[in-house]
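**Student:** Structure file final.txt (compact mmCIF, C-alpha atoms) right here:
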```txt
# COMPACT_ATOMS: atom_id res chain seq x y z
CA MET A 1 260.03 -252.09 145.65
CA ARG A 2 257.13 -249.67 145.72
CA ALA A 3 254.86 -252.14 147.55
CA VAL A 4 257.56 -252.74 150.17
CA GLU A 5 257.93 -249.00 150.73
CA ILE A 6 254.20 -248.58 151.22
CA VAL A 7 254.05 -251.48 153.69
CA VAL A 8 256.90 -249.96 155.72
CA LEU A 9 255.21 -246.57 155.67
CA ILE A 10 251.84 -247.95 156.77
CA SER A 11 253.41 -249.94 159.60
CA ILE A 12 255.14 -246.78 160.89
CA ILE A 13 251.86 -244.90 160.66
CA LEU A 14 249.98 -247.64 162.50
CA GLY A 15 252.60 -247.49 165.21
CA PHE A 16 251.98 -243.79 165.62
CA ALA A 17 248.23 -244.41 165.60
CA LEU A 18 248.65 -246.91 168.43
CA LEU A 19 250.68 -244.36 170.37
CA LEU A 20 247.95 -241.79 169.81
CA THR A 21 245.27 -244.20 171.00
CA LEU A 22 247.22 -244.99 174.15
CA GLY A 23 248.23 -241.38 174.66
CA TYR A 24 244.57 -240.37 174.63
CA GLN A 25 244.05 -242.07 177.97
CA TYR A 26 246.60 -239.77 179.59
CA LEU A 27 245.94 -236.62 177.60
CA VAL A 28 242.38 -235.55 178.28
CA PRO A 29 241.67 -231.83 177.82
CA ALA A 30 240.59 -229.99 180.93
CA ASP A 31 236.95 -229.03 181.35
CA ASP A 32 237.56 -225.51 182.63
CA ILE A 33 238.89 -222.64 180.50
CA ARG A 34 242.43 -221.49 181.21
CA ALA A 35 242.97 -218.11 182.85
CA LEU A 36 244.50 -216.49 179.76
CA ALA A 37 241.65 -217.67 177.52
CA LYS A 38 239.16 -216.48 180.13
CA PHE A 39 240.76 -213.01 180.12
CA TYR A 40 240.49 -212.71 176.34
CA LEU A 41 236.93 -214.04 176.27
CA LEU A 42 235.86 -211.55 178.92
CA THR A 43 237.59 -208.59 177.28
CA THR A 44 236.33 -209.26 173.75
CA TYR A 45 232.60 -209.16 174.25
CA PHE A 46 231.13 -211.50 176.77
CA ASN A 47 231.26 -209.22 179.81
CA PRO A 48 229.39 -205.96 179.15
CA ASN A 49 230.42 -204.56 182.53
CA TYR A 50 234.10 -204.71 181.68
CA THR A 51 235.56 -201.26 180.94
CA TYR A 52 238.10 -202.27 178.33
CA THR A 53 236.22 -204.35 175.78
CA ALA A 54 236.88 -204.97 172.08
CA GLY A 55 233.18 -205.15 171.23
CA ALA A 56 233.52 -208.17 168.94
CA THR A 57 232.30 -211.72 169.46
CA GLU A 58 235.31 -213.07 167.55
CA SER A 59 238.27 -213.20 169.93
CA VAL A 60 240.80 -214.05 167.22
CA THR A 61 240.03 -211.05 165.01
CA ALA A 62 239.89 -208.83 168.08
CA ILE A 63 243.34 -210.03 169.15
CA VAL A 64 244.81 -209.77 165.65
CA TRP A 65 243.53 -206.27 164.83
CA ASP A 66 242.84 -204.67 168.21
CA TYR A 67 245.09 -206.10 170.94
CA ARG A 68 248.14 -206.35 168.69
CA GLY A 69 247.08 -204.26 165.72
CA LEU A 70 250.55 -202.83 165.05
CA ASP A 71 251.88 -206.36 164.62
CA THR A 72 249.31 -207.14 161.94
CA LEU A 73 249.90 -203.79 160.28
CA PHE A 74 253.58 -204.65 159.88
CA GLU A 75 252.69 -208.12 158.56
CA THR A 76 250.54 -206.46 155.90
CA THR A 77 253.39 -204.09 155.10
CA VAL A 78 255.83 -206.99 154.70
CA PHE A 79 253.42 -208.63 152.26
CA TYR A 80 253.20 -205.36 150.35
CA ILE A 81 256.99 -205.04 150.16
CA ALA A 82 257.31 -208.63 148.92
CA LEU A 83 254.79 -207.88 146.21
CA ALA A 84 256.57 -204.67 145.26
CA GLY A 85 259.75 -206.72 144.86
CA CYS A 86 257.87 -209.18 142.63
CA LEU A 87 256.63 -206.32 140.43
CA ILE A 88 260.12 -204.77 140.27
CA LEU A 89 261.58 -208.10 139.10
CA ALA A 90 258.88 -208.37 136.43
CA ARG A 91 259.29 -204.74 135.33
CA GLY A 92 259.89 -204.26 131.62
CA LEU A 93 259.25 -207.91 130.80
CA TYR A 94 255.70 -207.36 129.57
CA LYS A 95 253.47 -204.80 127.85
CA GLU A 96 249.94 -204.50 129.19
CA GLU A 97 248.54 -202.84 126.03
CA LYS A 98 249.90 -205.58 123.79
CA GLU A 99 248.29 -208.25 125.94
CA ALA A 100 244.82 -206.69 125.66
CA SER A 101 244.76 -206.93 121.86
CA LYS A 102 245.27 -210.70 121.79
CA PRO A 103 242.27 -212.91 120.92
CA GLY A 104 240.80 -214.64 123.95
CA SER A 105 240.99 -218.39 124.35
CA GLY A 106 239.90 -220.79 127.06
CA LEU A 107 238.48 -224.14 128.08
CA SER A 108 235.20 -225.71 126.91
CA VAL A 109 231.73 -224.17 127.18
CA ILE A 110 230.77 -226.42 130.12
CA VAL A 111 233.71 -225.30 132.25
CA ARG A 112 233.11 -221.66 131.35
CA SER A 113 229.42 -221.83 132.26
CA VAL A 114 230.15 -223.52 135.59
CA THR A 115 232.72 -220.84 136.37
CA LYS A 116 230.24 -218.10 135.49
CA ILE A 117 227.72 -219.63 137.91
CA THR A 118 230.20 -220.15 140.75
CA ALA A 119 231.93 -216.78 140.39
CA PRO A 120 229.27 -214.75 142.29
CA MET A 121 229.13 -217.46 144.95
CA ILE A 122 232.89 -217.24 145.57
CA ILE A 123 232.68 -213.47 145.84
CA ALA A 124 229.67 -213.68 148.19
CA VAL A 125 231.39 -216.19 150.48
CA GLY A 126 234.59 -214.15 150.50
CA VAL A 127 232.80 -210.89 151.27
CA SER A 128 230.76 -212.50 154.05
CA ILE A 129 233.89 -214.04 155.60
CA ALA A 130 235.68 -210.68 155.44
CA LEU A 131 232.88 -208.38 156.63
CA HIS A 132 231.60 -210.75 159.33
CA GLY A 133 235.15 -211.18 160.55
CA HIS A 134 234.34 -209.54 163.88
CA LEU A 135 231.32 -211.82 164.49
CA THR A 136 232.19 -215.27 163.12
CA PRO A 137 235.49 -217.02 162.37
CA GLY A 138 237.24 -215.31 159.52
CA GLY A 139 238.58 -211.86 158.80
CA GLY A 140 240.23 -209.72 156.19
CA PHE A 141 242.99 -212.09 155.12
CA GLN A 142 240.73 -215.14 155.06
CA GLY A 143 238.04 -213.42 153.01
CA GLY A 144 240.60 -211.91 150.68
CA ALA A 145 242.29 -215.26 150.09
CA THR A 146 238.89 -216.83 149.36
CA MET A 147 238.02 -214.10 146.86
CA ALA A 148 241.47 -214.36 145.24
CA VAL A 149 240.57 -217.87 144.06
CA LEU A 150 238.23 -216.29 141.49
CA PRO A 151 240.89 -214.36 139.48
CA LEU A 152 242.97 -217.54 139.42
CA LEU A 153 239.99 -219.51 138.07
CA ILE A 154 239.32 -216.83 135.45
CA ILE A 155 242.98 -216.84 134.37
CA VAL A 156 243.04 -220.63 134.03
CA ILE A 157 239.62 -221.05 132.40
CA PHE A 158 239.10 -217.87 130.35
CA SER A 159 242.79 -217.04 129.79
CA LEU A 160 244.38 -213.75 130.77
CA THR A 161 242.96 -211.57 127.98
CA PRO A 162 239.43 -210.88 129.36
CA LEU A 163 240.90 -209.89 132.72
CA ILE A 164 243.35 -207.44 131.14
CA LYS A 165 240.69 -206.13 128.74
CA ARG A 166 238.40 -205.25 131.63
CA GLY A 167 241.14 -203.13 133.13
CA PHE A 168 242.58 -205.48 135.78
CA THR A 169 246.16 -204.68 134.88
CA PRO A 170 248.96 -205.10 137.45
CA SER A 171 249.58 -201.35 137.64
CA ARG A 172 245.92 -200.58 138.36
CA LEU A 173 245.67 -203.39 140.90
CA ALA A 174 248.80 -202.05 142.57
CA ILE A 175 247.04 -198.68 142.86
CA ILE A 176 243.97 -200.39 144.39
CA ARG A 177 246.21 -202.18 146.85
CA GLY A 178 247.99 -198.97 147.72
CA LEU A 179 244.65 -197.26 148.35
CA ALA A 180 243.50 -200.13 150.59
CA LEU A 181 246.73 -199.92 152.60
CA THR A 182 246.28 -196.16 152.84
CA GLY A 183 242.80 -196.87 154.19
CA ILE A 184 244.25 -199.12 156.88
CA GLY A 185 246.77 -196.43 157.80
CA LEU A 186 244.17 -193.64 157.87
CA VAL A 187 241.72 -195.65 159.97
CA SER A 188 244.45 -196.42 162.47
CA ILE A 189 245.57 -192.81 162.98
CA ILE A 190 242.39 -190.81 162.30
CA LEU A 191 241.21 -190.81 165.92
CA ALA A 192 244.62 -189.71 167.18
CA VAL A 193 244.63 -186.85 164.63
CA ILE A 194 241.09 -185.76 165.60
CA GLY A 195 242.11 -185.94 169.24
CA LEU A 196 245.11 -183.71 168.54
CA VAL A 197 242.94 -181.17 166.70
CA LEU A 198 240.23 -181.08 169.35
CA GLY A 199 242.64 -181.31 172.26
CA ILE A 200 241.17 -184.59 173.52
CA ASN A 201 243.24 -187.56 174.64
CA ALA A 202 243.21 -190.27 171.93
CA TYR A 203 245.44 -193.14 170.92
CA VAL A 204 246.76 -194.56 167.65
CA PHE A 205 244.92 -197.82 166.86
CA GLN A 206 242.12 -196.88 169.24
CA SER A 207 238.95 -198.83 168.57
CA LEU A 208 236.24 -198.08 171.13
CA PRO A 209 235.94 -195.17 173.58
CA LYS A 210 238.04 -195.65 176.70
CA PRO A 211 237.58 -193.97 180.10
CA ASP A 212 240.55 -191.61 179.51
CA ALA A 213 239.96 -191.24 175.74
CA PRO A 214 236.32 -190.53 174.85
CA LEU A 215 236.76 -190.74 171.06
CA GLY A 216 236.01 -194.04 169.34
CA PHE A 217 234.51 -195.94 166.44
CA PRO A 218 230.90 -197.11 166.84
CA SER A 219 230.47 -200.39 168.68
CA GLU A 220 227.19 -201.09 166.91
CA VAL A 221 225.17 -199.52 164.09
CA GLU A 222 221.39 -199.96 164.07
CA GLY A 223 221.71 -202.82 166.53
CA ALA A 224 224.27 -204.69 164.42
CA LEU A 225 227.66 -205.20 166.02
CA MET A 226 230.47 -203.30 164.28
CA GLY A 227 233.38 -204.17 166.51
CA GLY A 228 234.65 -200.60 166.28
CA ILE A 229 237.78 -200.43 164.15
CA LEU A 230 237.74 -204.14 163.26
CA TRP A 231 235.15 -203.82 160.49
CA PHE A 232 237.16 -201.17 158.64
CA PHE A 233 240.39 -203.12 159.00
CA ASN A 234 238.74 -206.29 157.66
CA LEU A 235 237.28 -204.41 154.68
CA PHE A 236 240.56 -202.77 153.64
CA GLU A 237 242.65 -205.86 154.35
CA SER A 238 240.44 -208.07 152.16
CA ILE A 239 240.69 -205.62 149.25
CA ALA A 240 244.47 -205.44 149.68
CA VAL A 241 244.85 -209.23 149.77
CA VAL A 242 242.69 -209.81 146.67
CA ALA A 243 244.64 -207.19 144.73
CA ALA A 244 247.97 -208.62 145.89
CA PHE A 245 247.27 -212.20 144.87
CA THR A 246 245.81 -211.11 141.53
CA ILE A 247 248.88 -208.99 140.79
CA ALA A 248 251.13 -211.96 141.53
CA PHE A 249 249.21 -214.31 139.22
CA ILE A 250 248.98 -211.83 136.35
CA ALA A 251 252.64 -210.84 136.63
CA ILE A 252 253.80 -214.48 136.58
CA LEU A 253 251.65 -215.30 133.55
CA LEU A 254 252.48 -212.14 131.60
CA ILE A 255 256.20 -212.80 131.87
CA GLU A 256 255.65 -216.30 130.52
CA SER A 257 253.58 -215.18 127.54
CA LYS A 258 256.20 -212.58 126.62
CA ARG A 259 258.99 -215.15 126.55
CA MET B 1 230.14 -241.53 179.56
CA TRP B 2 228.68 -240.21 176.29
CA ARG B 3 231.09 -237.30 176.34
CA MET B 4 233.95 -239.81 176.64
CA ILE B 5 232.66 -241.79 173.65
CA ALA B 6 232.18 -238.65 171.57
CA GLU B 7 235.70 -237.46 172.38
CA THR B 8 237.11 -240.86 171.47
CA ILE B 9 235.32 -240.73 168.12
CA ILE B 10 236.73 -237.26 167.45
CA TYR B 11 240.24 -238.45 168.34
CA LEU B 12 239.80 -241.47 166.07
CA ILE B 13 238.69 -239.28 163.15
CA MET B 14 241.73 -237.08 163.76
CA ALA B 15 244.02 -240.12 163.86
CA CYS B 16 242.59 -241.53 160.60
CA THR B 17 242.81 -238.13 158.91
CA SER B 18 246.41 -237.63 159.97
CA ILE B 19 247.32 -241.11 158.74
CA ALA B 20 245.69 -240.40 155.38
CA SER B 21 247.50 -237.05 155.17
CA THR B 22 250.83 -238.78 155.89
CA ILE B 23 250.17 -241.18 153.03
CA ALA B 24 249.34 -238.20 150.81
CA VAL B 25 252.64 -236.55 151.79
CA TYR B 26 254.49 -239.78 150.96
CA LEU B 27 252.82 -239.97 147.54
CA THR B 28 253.61 -236.28 146.93
CA ILE B 29 257.30 -236.84 147.59
CA LYS B 30 257.57 -240.04 145.56
CA GLU B 31 255.53 -238.90 142.55
CA LYS B 32 257.56 -238.10 139.43
CA ASP B 33 254.64 -236.47 137.59
CA LEU B 34 254.58 -233.01 139.14
CA VAL B 35 250.93 -232.33 138.25
CA LYS B 36 249.86 -235.41 140.17
CA ALA B 37 252.19 -234.39 143.02
CA VAL B 38 250.41 -231.03 143.24
CA ILE B 39 247.05 -232.82 143.45
CA TYR B 40 248.34 -235.10 146.23
CA SER B 41 249.64 -232.05 148.06
CA ALA B 42 246.23 -230.39 147.79
CA LEU B 43 244.67 -233.59 149.15
CA GLN B 44 247.02 -233.48 152.12
CA SER B 45 246.05 -229.85 152.76
CA ALA B 46 242.36 -230.73 152.58
CA LEU B 47 242.89 -233.46 155.18
CA TYR B 48 244.79 -231.00 157.38
CA THR B 49 241.83 -228.62 157.30
CA ILE B 50 239.67 -231.39 158.79
CA ILE B 51 242.18 -231.80 161.63
CA TYR B 52 242.29 -228.03 162.19
CA PHE B 53 238.51 -227.92 162.31
CA LEU B 54 238.36 -230.74 164.86
CA LEU B 55 241.00 -228.92 166.94
CA LEU B 56 238.53 -225.99 167.12
CA THR B 57 240.48 -223.45 165.04
CA PRO B 58 237.98 -222.34 162.37
CA ASP B 59 240.05 -219.22 161.68
CA VAL B 60 243.01 -221.31 160.58
CA VAL B 61 240.67 -223.48 158.50
CA LEU B 62 239.33 -220.44 156.66
CA VAL B 63 242.80 -219.17 155.80
CA TYR B 64 244.30 -222.60 155.12
CA LEU B 65 241.61 -223.92 152.80
CA PRO B 66 241.70 -221.24 150.04
CA VAL B 67 245.47 -220.77 150.24
CA ALA B 68 246.58 -224.40 150.40
CA VAL B 69 243.89 -225.98 148.23
CA GLY B 70 243.14 -223.12 145.83
CA LEU B 71 245.97 -220.63 145.43
CA ILE B 72 249.18 -222.64 145.96
CA PRO B 73 248.24 -225.54 143.61
CA GLY B 74 247.18 -222.90 141.07
CA VAL B 75 250.54 -221.14 141.29
CA PHE B 76 252.36 -224.48 141.17
CA LEU B 77 250.42 -225.56 138.07
CA ILE B 78 251.24 -222.28 136.35
CA LEU B 79 254.92 -222.69 137.22
CA ILE B 80 254.90 -226.33 136.04
CA SER B 81 253.37 -225.27 132.74
CA LYS B 82 256.26 -222.82 132.38
CA THR B 83 258.96 -225.40 133.11
CA GLU B 84 258.77 -229.20 132.91
CA ARG B 85 256.12 -231.65 133.94
CA TRP B 86 258.33 -234.64 134.77
CA GLU B 87 260.84 -234.70 137.57
CA LYS B 88 264.26 -235.98 136.51
CA GLU B 89 266.50 -238.28 138.53
```
Can the structure in the file be given as structure tokens, please?

**Tutor:**
Amino acid sequence: MRAVEIVVLISIILGFALLLTLGYQYLVPADDIRALAKFYLLTTYFNPNYTYTAGATESVTAIVWDYRGLDTLFETTVFYIALAGCLILARGLYKEEKEASKPGSGLSVIVRSVTKITAPMIIAVGVSIALHGHLTPGGGFQGGATMAVLPLLIIVIFSLTPLIKRGFTPSRLAIIRGLALTGIGLVSIILAVIGLVLGINAYVFQSLPKPDAPLGFPSEVEGALMGGILWFFNLFESIAVVAAFTIAFIAILLIESKR
Amino acid sequence: MWRMIAETIIYLIMACTSIASTIAVYLTIKEKDLVKAVIYSALQSALYTIIYFLLLTPDVVLVYLPVAVGLIPGVFLILISKTERWEKE
């Protein structure tokens, strides 16, 4: 029965593959860039004469955090609310102090050593993805998700105890996440507040200086591109995402060990 | 001419990858051992990242790879260890 199923499946797939091969002859991508893509490419970095530029070579990050920054801010907030709900559901089901006094256990020495070697590499890759988010593909969420693999590895391979013992408790991580979100909020409104105080025109979520609003974050520091507000957003977002995923893992596992 | 051949090769790689990912999805659905099903699902996600990369969306690759291959199988394995490993009829 199983063999018959697989034969049927593969024949369907081959049919689709044939369609794809034939469809290729009629579906050739155009050589020229579309007008919308051209607009975004010109306004991100590639035309220095353009007045309204995002100052970043990465169009996607510029669109996500600069063109429609409020949208992304609300996405981050929704994630935060979901996590708060998770913590509220898990409330009272575990004791952090009790967990820290347990003896640590884990997998074999080989696996532990390999994890110890790869741990700094994961962090380095995650940080570079996050902080180069305005230059190369990547950004805050991507870097944060990459770095969040490390706590998961530590939980699986070294057990939960060393993580809790070193102070990575859900309540503290929630504080870190709250601080990172506060950072995002402050960065987004600080120019508007300064503008109000000084009596200069400035906008919420303003990144670079505009003709009618002279305040702005630096476009480059010491010759290195900063992308204005994008660098700060990527930094805070990556911290928030790492903390959020770690809280979720630890909360799930703590509930289990209590039961 | 050469551009045409190169594009055809890229399309062929994408077709093969999508076929392999479909098989992985099939195996994921049919598998009764949930741990193996999680591994098949991670395999399917890894194949999808290749397609995303060939479709010139490195941003999606960078968010899809850690989440779909690293974090979600991890969460699933933790949840399986809390419940049951074998799927019942």

**Student:** Which residue gives the smallest distance to Lys36 in chain B among B:Phe76, B:Lys82, B:Thr49, B:Tyr11, with only C-alpha atoms counted?

**Tutor:**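 For Lys36 in chain B, the nearest of the candidates is B:Phe76.
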
**Student:** Distance CA of Gly183 in chain A-CA of Val60 in chain A, one decimal place?

**Tutor:**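 Computing the Euclidean distance for CA of Gly183 in chain A and CA of Val60 in chain A yields 21.7 Å.
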
**Student:** Would you list which chain B residues are within 8 Å of chain A using all atoms listed in the file, as a PyMOL selection string?

**Tutor:** chain B and resi 11-12+15+19+22-23+58-59+62-63+66-67+70-71+74-75+78+82

**Student:** Env of Ile50 in chain B: 12 Å cut, atoms = all atoms listed in the file, seq-sep filter 5 positions within chain, self excluded. Answer as a PyMOL selection string.

**Tutor:** chain B and resi 10-11+13-18+20-21+43-45+55-58+60-62+64-65

**Student:** Work out how far apart CA of Phe168 in chain A and CA of Ile117 in chain A are and give it in Å to one decimal.

**Tutor:**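 Between these atoms lies a distance of 20.6 Å.
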
**Student:** Could you check which of A:Ile247, A:Val7, A:Leu73, A:Leu179 is closest to Phe205 in chain A, using all atoms listed in the file?

**Tutor:** A:Leu73

**Student:** Provide an axis-aligned box for all listed atoms of range 197-204 of chain A, padding each side by 8 Å; report its centre and its edge lengths in Å to one decimal, as JSON.

**Tutor:**
```
{"center_x": 243.5, "center_y": -187.8, "center_z": 170.7, "size_x": 22.5, "size_y": 29.5, "size_z": 23.9}
```

**Student:** Considering all atoms listed in the file, can you say which of A:Ala130, A:Leu83, A:Ala35, A:Val114 comes closest to Phe158 in chain A?

**Tutor:**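 Using all atoms listed in the file, Phe158 in chain A sits closest to A:Val114.
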
**Student:** With distances taken over only C-alpha atoms, which of A:Asp71, A:Asp66, A:Asp31, A:Asp212 is nearest to His134 in chain A?

**Tutor:**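 Closest to His134 in chain A, using only C-alpha atoms: A:Asp66.
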
**Student:** Tell me which of A:Ile229, A:Ile239, A:Ile157, A:Leu181 sits closest to Ile81 in chain A, counting all atoms listed in the file.

**Tutor:**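 Ranking A:Ile229, A:Ile239, A:Ile157, A:Leu181 by distance to Ile81 in chain A, first place goes to A:Leu181.
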
**Student:** Rounded to one decimal place, report the CA of Phe74 in chain A-CA of Leu215 in chain A distance in Å.

**Tutor:** 24.5 Å

**Student:** Of the candidates B:Glu31, B:Ile39, B:Met1, B:Ile9, which shows the shortest atom-to-atom distance to Pro73 in chain B, using only C-alpha atoms?

**Tutor:** B:Ile39
